[in-house]
file structure_22.cif (mmCIF, C-alpha atoms, pLDDT in the B column; chains and numbers go by the auth columns)
data_work
#
loop_
_atom_site.group_PDB
_atom_site.id
_atom_site.type_symbol
_atom_site.label_atom_id
_atom_site.label_comp_id
_atom_site.label_asym_id
_atom_site.label_seq_id
_atom_site.Cartn_x
_atom_site.Cartn_y
_atom_site.Cartn_z
_atom_site.B_iso_or_equiv
_atom_site.auth_seq_id
_atom_site.auth_asym_id
ATOM 1 C CA MET A 1 158.842 39.070 203.764 44.00 18 A
ATOM 2 C CA ALA A 2 156.298 36.275 203.982 55.00 19 A
ATOM 3 C CA LYS A 3 157.592 33.074 205.535 69.00 20 A
ATOM 4 C CA ARG A 4 154.791 30.932 204.104 79.00 21 A
ATOM 5 C CA LEU A 5 152.014 31.544 201.596 84.00 22 A
ATOM 6 C CA ILE A 6 148.662 29.878 202.253 86.00 23 A
ATOM 7 C CA PRO A 7 146.459 29.983 199.130 89.00 24 A
ATOM 8 C CA SER A 8 142.901 31.268 199.342 90.00 25 A
ATOM 9 C CA PHE A 9 139.771 29.279 198.493 90.00 26 A
ATOM 10 C CA ASN A 10 140.416 26.428 196.034 91.00 27 A
ATOM 11 C CA ARG A 11 143.911 27.466 194.968 94.00 28 A
ATOM 12 C CA VAL A 12 147.074 25.348 195.102 94.00 29 A
ATOM 13 C CA LEU A 13 150.709 26.529 195.343 93.00 30 A
ATOM 14 C CA VAL A 14 152.990 24.349 193.203 94.00 31 A
ATOM 15 C CA GLU A 15 156.760 24.141 192.742 92.00 32 A
ATOM 16 C CA LYS A 16 157.434 22.907 189.212 88.00 33 A
ATOM 17 C CA ILE A 17 159.702 19.898 188.761 84.00 34 A
ATOM 18 C CA ILE A 18 162.512 20.635 186.285 76.00 35 A
ATOM 19 C CA PRO A 19 163.515 17.519 184.312 71.00 36 A
ATOM 20 C CA PRO A 20 167.253 16.736 184.374 67.00 37 A
ATOM 21 C CA SER A 21 169.318 18.012 181.448 70.00 38 A
ATOM 22 C CA LYS A 22 171.790 15.109 181.609 70.00 39 A
ATOM 23 C CA THR A 23 171.786 11.478 182.646 70.00 40 A
ATOM 24 C CA THR A 24 173.657 10.095 185.660 74.00 41 A
ATOM 25 C CA SER A 25 176.440 8.931 183.330 77.00 42 A
ATOM 26 C CA GLY A 26 176.865 12.488 181.978 72.00 43 A
ATOM 27 C CA ILE A 27 175.084 12.268 178.623 75.00 44 A
ATOM 28 C CA LEU A 28 173.414 15.575 177.732 71.00 45 A
ATOM 29 C CA LEU A 29 169.734 15.274 176.864 67.00 46 A
ATOM 30 C CA PRO A 30 168.247 17.379 174.058 68.00 47 A
ATOM 31 C CA GLU A 31 165.649 19.998 175.038 64.00 48 A
ATOM 32 C CA LYS A 32 163.009 18.363 172.857 55.00 49 A
ATOM 33 C CA THR A 33 162.821 15.186 174.919 49.00 50 A
ATOM 34 C CA SER A 34 159.320 14.448 176.105 50.00 51 A
ATOM 35 C CA LYS A 35 159.092 16.494 179.258 56.00 52 A
ATOM 36 C CA LEU A 36 156.295 15.956 181.704 64.00 53 A
ATOM 37 C CA ASN A 37 154.780 19.176 183.005 86.00 54 A
ATOM 38 C CA SER A 38 154.600 18.239 186.657 90.00 55 A
ATOM 39 C CA GLY A 39 155.080 19.813 190.044 93.00 56 A
ATOM 40 C CA LYS A 40 154.995 19.195 193.772 94.00 57 A
ATOM 41 C CA ILE A 41 152.257 20.821 195.870 95.00 58 A
ATOM 42 C CA VAL A 42 153.689 23.118 198.526 94.00 59 A
ATOM 43 C CA ALA A 43 150.438 24.514 200.010 93.00 60 A
ATOM 44 C CA VAL A 44 146.699 23.990 199.537 94.00 61 A
ATOM 45 C CA GLY A 45 143.829 26.373 200.187 92.00 62 A
ATOM 46 C CA PRO A 46 140.888 25.285 202.362 91.00 63 A
ATOM 47 C CA GLY A 47 138.414 24.903 199.480 91.00 64 A
ATOM 48 C CA ALA A 48 135.485 26.866 198.080 91.00 65 A
ATOM 49 C CA ARG A 49 131.723 27.092 198.370 90.00 66 A
ATOM 50 C CA ASP A 50 129.235 26.241 195.630 89.00 67 A
ATOM 51 C CA LYS A 51 126.296 28.454 194.657 92.00 68 A
ATOM 52 C CA ASP A 52 124.175 26.956 197.462 93.00 69 A
ATOM 53 C CA GLY A 53 126.826 27.779 200.065 90.00 70 A
ATOM 54 C CA LYS A 54 127.915 24.163 200.594 93.00 71 A
ATOM 55 C CA PHE A 55 131.640 23.827 201.374 92.00 72 A
ATOM 56 C CA ILE A 56 133.674 21.831 198.807 91.00 73 A
ATOM 57 C CA PRO A 57 137.145 20.826 200.088 91.00 74 A
ATOM 58 C CA LEU A 58 140.031 20.087 197.721 90.00 75 A
ATOM 59 C CA ASN A 59 141.084 16.463 197.234 91.00 76 A
ATOM 60 C CA LEU A 60 144.768 17.459 196.988 92.00 77 A
ATOM 61 C CA LYS A 61 147.289 17.661 199.806 92.00 78 A
ATOM 62 C CA GLU A 62 150.773 19.034 200.411 93.00 79 A
ATOM 63 C CA GLY A 63 153.495 16.810 198.971 93.00 80 A
ATOM 64 C CA ASP A 64 151.371 15.414 196.103 94.00 81 A
ATOM 65 C CA THR A 65 153.039 15.288 192.682 93.00 82 A
ATOM 66 C CA VAL A 66 150.586 16.620 190.124 94.00 83 A
ATOM 67 C CA LEU A 67 150.250 16.949 186.361 93.00 84 A
ATOM 68 C CA LEU A 68 149.906 20.603 185.338 93.00 85 A
ATOM 69 C CA PRO A 69 148.389 22.240 182.257 91.00 86 A
ATOM 70 C CA GLU A 70 150.870 23.530 179.680 87.00 87 A
ATOM 71 C CA TYR A 71 149.661 27.109 180.102 88.00 88 A
ATOM 72 C CA GLY A 72 148.064 28.940 182.991 88.00 89 A
ATOM 73 C CA GLY A 73 148.736 29.584 186.621 90.00 90 A
ATOM 74 C CA THR A 74 150.190 32.686 188.219 92.00 91 A
ATOM 75 C CA GLU A 75 153.949 32.851 188.726 93.00 92 A
ATOM 76 C CA ILE A 76 155.002 33.878 192.236 91.00 93 A
ATOM 77 C CA LYS A 77 158.505 34.455 193.551 90.00 94 A
ATOM 78 C CA LEU A 78 159.073 33.973 197.291 87.00 95 A
ATOM 79 C CA GLY A 79 162.651 34.643 198.274 85.00 96 A
ATOM 80 C CA GLU A 80 164.828 32.960 195.665 87.00 97 A
ATOM 81 C CA LYS A 81 162.313 30.260 194.681 89.00 98 A
ATOM 82 C CA GLU A 82 159.674 30.431 191.961 91.00 99 A
ATOM 83 C CA TYR A 83 156.230 28.924 192.470 93.00 100 A
ATOM 84 C CA HIS A 84 153.001 28.784 190.484 94.00 101 A
ATOM 85 C CA LEU A 85 149.498 29.291 191.833 94.00 102 A
ATOM 86 C CA TYR A 86 146.726 27.240 190.177 95.00 103 A
ATOM 87 C CA ARG A 87 143.038 26.741 190.846 93.00 104 A
ATOM 88 C CA GLY A 88 142.223 23.252 192.072 91.00 105 A
ATOM 89 C CA ASP A 89 140.121 22.724 188.921 90.00 106 A
ATOM 90 C CA ASP A 90 143.163 23.405 186.708 92.00 107 A
ATOM 91 C CA ILE A 91 145.191 20.489 188.101 93.00 108 A
ATOM 92 C CA LEU A 92 144.940 17.635 185.580 92.00 109 A
ATOM 93 C CA GLY A 93 145.700 14.767 187.960 91.00 110 A
ATOM 94 C CA THR A 94 148.068 13.324 190.543 92.00 111 A
ATOM 95 C CA LEU A 95 151.101 11.207 189.673 89.00 112 A
ATOM 96 C CA HIS A 96 151.905 8.043 191.659 86.00 113 A
ATOM 97 C CA GLU A 97 154.896 5.723 191.387 76.00 114 A
#
call {"tool": "encode", "arguments": {"input": "structure_22.cif", "output": "structure tokens"}}
result
Amino acid sequence: MAKRLIPSFNRVLVEKIIPPSKTTSGILLPEKTSKLNSGKIVAVGPGARDKDGKFIPLNLKEGDTVLLPEYGGTEIKLGEKEYHLYRGDDILGTLHE
């Protein structure tokens, strides 16, 4: 069993953030509330090379909260947790508070 997965090239391993289904006071939220498709980066690959062989590093780092596309990515299960593997180009942006 792998203890840690390190993505290859320009790939990013993301754990999706599940929005809460009820408020702190106990009110149940309907499923159709505007959910933000976001996740937290768990691991980042080293980067890729362009057609000229120049190395292009990723501008993402572990711990970043990112906005994900609605579809895409490869689902991976490590132990009991589910992760998604995306290309660095597929990440739509980073979220800051």
call {"tool": "residues_around", "arguments": {"input": "structure_22.cif", "residues": "A:Val61", "least_positions_apart": "6", "cutoff": "7 Å", "atoms": "all atoms listed in the file", "output": "number ranges by chain"}}
result
A: 23-24, 28-30, 78-79
call {"tool": "atom_distance", "arguments": {"input": "structure_22.cif", "atom1": "atom CA of A:Asn76", "atom2": "atom CA of A:Glu99"}}
result
23.8 Å
call {"tool": "closest_residue", "arguments": {"input": "structure_22.cif", "among": "A:Ala60, A:Val31, A:Glu114, A:Phe26", "to": "A:Gly90", "atoms": "only C-alpha atoms"}}
result
A:Val31
call {"tool": "atom_distance", "arguments": {"input": "structure_22.cif", "atom1": "atom CA of A:Thr111", "atom2": "atom CA of A:Thr40"}}
result
25.1 Å
call {"tool": "atom_distance", "arguments": {"input": "structure_22.cif", "atom1": "atom CA of A:Gly110", "atom2": "atom CA of A:Asp69"}}
result
26.5 Å
call {"tool": "resolve_selection", "arguments": {"input": "structure_22.cif", "expression": "the PyMOL selection byres ((chain A and resi 82) around 10)", "output": "MDAnalysis selection string"}}
result
chainID A and resid 31:34 55:59 77:81 83:85 110:114
call {"tool": "resolve_selection", "arguments": {"input": "structure_22.cif", "expression": "the PyMOL selection byres ((chain A and resi 63) around 8)", "output": "JSON, numbers by chain"}}
result
{"A": [24, 25, 26, 27, 61, 62, 64, 65, 74, 75]}
call {"tool": "build_atoms", "arguments": {"input": "structure_22.cif", "residues": "stretch 97-108 of chain A", "atoms": "all heavy atoms", "output": "PDB file, keeping the file's coordinate frame"}}
result
ATOM      1  N   GLU A  97     164.104  33.326 196.888  1.00 87.00           N
ATOM      2  CA  GLU A  97     164.828  32.960 195.665  1.00 87.00           C
ATOM      3  C   GLU A  97     164.094  31.914 194.837  1.00 87.00           C
ATOM      4  O   GLU A  97     164.497  31.618 193.728  1.00 87.00           O
ATOM      5  CB  GLU A  97     166.229  32.442 196.029  1.00 87.00           C
ATOM      6  CG  GLU A  97     167.117  33.477 196.687  1.00 87.00           C
ATOM      7  CD  GLU A  97     167.406  34.659 195.758  1.00 87.00           C
ATOM      8  OE1 GLU A  97     167.682  34.438 194.561  1.00 87.00           O
ATOM      9  OE2 GLU A  97     167.330  35.793 196.246  1.00 87.00           O
ATOM     10  N   LYS A  98     163.025  31.333 195.373  1.00 89.00           N
ATOM     11  CA  LYS A  98     162.313  30.260 194.681  1.00 89.00           C
ATOM     12  C   LYS A  98     161.123  30.786 193.895  1.00 89.00           C
ATOM     13  O   LYS A  98     160.492  31.755 194.293  1.00 89.00           O
ATOM     14  CB  LYS A  98     161.826  29.209 195.669  1.00 89.00           C
ATOM     15  CG  LYS A  98     162.929  28.366 196.245  1.00 89.00           C
ATOM     16  CD  LYS A  98     162.329  27.200 196.972  1.00 89.00           C
ATOM     17  CE  LYS A  98     163.387  26.162 197.260  1.00 89.00           C
ATOM     18  NZ  LYS A  98     162.801  24.938 197.747  1.00 89.00           N
ATOM     19  N   GLU A  99     160.838  30.097 192.774  1.00 91.00           N
ATOM     20  CA  GLU A  99     159.674  30.431 191.961  1.00 91.00           C
ATOM     21  C   GLU A  99     158.610  29.360 192.129  1.00 91.00           C
ATOM     22  O   GLU A  99     158.910  28.167 192.115  1.00 91.00           O
ATOM     23  CB  GLU A  99     160.060  30.535 190.485  1.00 91.00           C
ATOM     24  CG  GLU A  99     160.872  31.757 190.167  1.00 91.00           C
ATOM     25  CD  GLU A  99     161.126  31.923 188.686  1.00 91.00           C
ATOM     26  OE1 GLU A  99     160.501  31.198 187.878  1.00 91.00           O
ATOM     27  OE2 GLU A  99     161.953  32.769 188.337  1.00 91.00           O
ATOM     28  N   TYR A 100     157.371  29.813 192.305  1.00 93.00           N
ATOM     29  CA  TYR A 100     156.230  28.924 192.470  1.00 93.00           C
ATOM     30  C   TYR A 100     155.155  29.332 191.467  1.00 93.00           C
ATOM     31  O   TYR A 100     155.229  30.396 190.854  1.00 93.00           O
ATOM     32  CB  TYR A 100     155.661  29.026 193.885  1.00 93.00           C
ATOM     33  CG  TYR A 100     156.635  28.639 194.968  1.00 93.00           C
ATOM     34  CD1 TYR A 100     157.392  29.600 195.636  1.00 93.00           C
ATOM     35  CD2 TYR A 100     156.807  27.315 195.332  1.00 93.00           C
ATOM     36  CE1 TYR A 100     158.285  29.247 196.634  1.00 93.00           C
ATOM     37  CE2 TYR A 100     157.700  26.951 196.332  1.00 93.00           C
ATOM     38  CZ  TYR A 100     158.435  27.930 196.978  1.00 93.00           C
ATOM     39  OH  TYR A 100     159.313  27.573 197.958  1.00 93.00           O
ATOM     40  N   HIS A 101     154.142  28.482 191.338  1.00 94.00           N
ATOM     41  CA  HIS A 101     153.001  28.784 190.484  1.00 94.00           C
ATOM     42  C   HIS A 101     151.740  28.518 191.286  1.00 94.00           C
ATOM     43  O   HIS A 101     151.651  27.528 192.018  1.00 94.00           O
ATOM     44  CB  HIS A 101     153.031  27.931 189.213  1.00 94.00           C
ATOM     45  CG  HIS A 101     154.184  28.253 188.334  1.00 94.00           C
ATOM     46  ND1 HIS A 101     154.134  29.209 187.356  1.00 94.00           N
ATOM     47  CD2 HIS A 101     155.444  27.775 188.300  1.00 94.00           C
ATOM     48  CE1 HIS A 101     155.297  29.290 186.749  1.00 94.00           C
ATOM     49  NE2 HIS A 101     156.116  28.422 187.316  1.00 94.00           N
ATOM     50  N   LEU A 102     150.763  29.408 191.134  1.00 94.00           N
ATOM     51  CA  LEU A 102     149.498  29.291 191.833  1.00 94.00           C
ATOM     52  C   LEU A 102     148.429  28.894 190.825  1.00 94.00           C
ATOM     53  O   LEU A 102     148.243  29.565 189.815  1.00 94.00           O
ATOM     54  CB  LEU A 102     149.154  30.639 192.480  1.00 94.00           C
ATOM     55  CG  LEU A 102     148.070  30.677 193.526  1.00 94.00           C
ATOM     56  CD1 LEU A 102     148.441  29.811 194.715  1.00 94.00           C
ATOM     57  CD2 LEU A 102     147.845  32.100 193.992  1.00 94.00           C
ATOM     58  N   TYR A 103     147.764  27.761 191.066  1.00 95.00           N
ATOM     59  CA  TYR A 103     146.726  27.240 190.177  1.00 95.00           C
ATOM     60  C   TYR A 103     145.425  27.090 190.953  1.00 95.00           C
ATOM     61  O   TYR A 103     145.439  26.901 192.173  1.00 95.00           O
ATOM     62  CB  TYR A 103     147.106  25.850 189.638  1.00 95.00           C
ATOM     63  CG  TYR A 103     148.236  25.842 188.665  1.00 95.00           C
ATOM     64  CD1 TYR A 103     149.539  25.644 189.091  1.00 95.00           C
ATOM     65  CD2 TYR A 103     148.013  26.022 187.308  1.00 95.00           C
ATOM     66  CE1 TYR A 103     150.593  25.629 188.192  1.00 95.00           C
ATOM     67  CE2 TYR A 103     149.059  26.001 186.405  1.00 95.00           C
ATOM     68  CZ  TYR A 103     150.342  25.807 186.855  1.00 95.00           C
ATOM     69  OH  TYR A 103     151.379  25.789 185.966  1.00 95.00           O
ATOM     70  N   ARG A 104     144.313  27.126 190.245  1.00 93.00           N
ATOM     71  CA  ARG A 104     143.038  26.741 190.846  1.00 93.00           C
ATOM     72  C   ARG A 104     143.031  25.224 190.939  1.00 93.00           C
ATOM     73  O   ARG A 104     143.639  24.539 190.118  1.00 93.00           O
ATOM     74  CB  ARG A 104     141.871  27.188 189.975  1.00 93.00           C
ATOM     75  CG  ARG A 104     141.666  28.675 189.956  1.00 93.00           C
ATOM     76  CD  ARG A 104     140.399  29.006 189.167  1.00 93.00           C
ATOM     77  NE  ARG A 104     140.219  30.427 189.081  1.00 93.00           N
ATOM     78  CZ  ARG A 104     139.621  31.160 190.026  1.00 93.00           C
ATOM     79  NH1 ARG A 104     139.134  30.581 191.092  1.00 93.00           N
ATOM     80  NH2 ARG A 104     139.501  32.456 189.893  1.00 93.00           N
ATOM     81  N   GLY A 105     142.317  24.696 191.913  1.00 91.00           N
ATOM     82  CA  GLY A 105     142.223  23.252 192.072  1.00 91.00           C
ATOM     83  C   GLY A 105     141.645  22.580 190.843  1.00 91.00           C
ATOM     84  O   GLY A 105     142.021  21.469 190.491  1.00 91.00           O
ATOM     85  N   ASP A 106     140.738  23.276 190.142  1.00 90.00           N
ATOM     86  CA  ASP A 106     140.121  22.724 188.921  1.00 90.00           C
ATOM     87  C   ASP A 106     141.114  22.614 187.777  1.00 90.00           C
ATOM     88  O   ASP A 106     140.884  21.828 186.844  1.00 90.00           O
ATOM     89  CB  ASP A 106     138.962  23.614 188.472  1.00 90.00           C
ATOM     90  CG  ASP A 106     137.895  23.749 189.532  1.00 90.00           C
ATOM     91  OD1 ASP A 106     137.865  22.934 190.463  1.00 90.00           O
ATOM     92  OD2 ASP A 106     137.078  24.685 189.427  1.00 90.00           O
ATOM     93  N   ASP A 107     142.190  23.401 187.797  1.00 92.00           N
ATOM     94  CA  ASP A 107     143.163  23.405 186.708  1.00 92.00           C
ATOM     95  C   ASP A 107     144.130  22.219 186.770  1.00 92.00           C
ATOM     96  O   ASP A 107     144.752  21.874 185.773  1.00 92.00           O
ATOM     97  CB  ASP A 107     143.969  24.704 186.709  1.00 92.00           C
ATOM     98  CG  ASP A 107     143.132  25.912 186.348  1.00 92.00           C
ATOM     99  OD1 ASP A 107     142.035  25.723 185.778  1.00 92.00           O
ATOM    100  OD2 ASP A 107     143.547  27.045 186.638  1.00 92.00           O
ATOM    101  N   ILE A 108     144.281  21.624 187.942  1.00 93.00           N
ATOM    102  CA  ILE A 108     145.191  20.489 188.101  1.00 93.00           C
ATOM    103  C   ILE A 108     144.613  19.297 187.327  1.00 93.00           C
ATOM    104  O   ILE A 108     143.457  18.932 187.513  1.00 93.00           O
ATOM    105  CB  ILE A 108     145.372  20.115 189.591  1.00 93.00           C
ATOM    106  CG1 ILE A 108     145.878  21.315 190.388  1.00 93.00           C
ATOM    107  CG2 ILE A 108     146.291  18.918 189.735  1.00 93.00           C
ATOM    108  CD1 ILE A 108     147.245  21.806 190.031  1.00 93.00           C
TER     109      ILE A 108
END
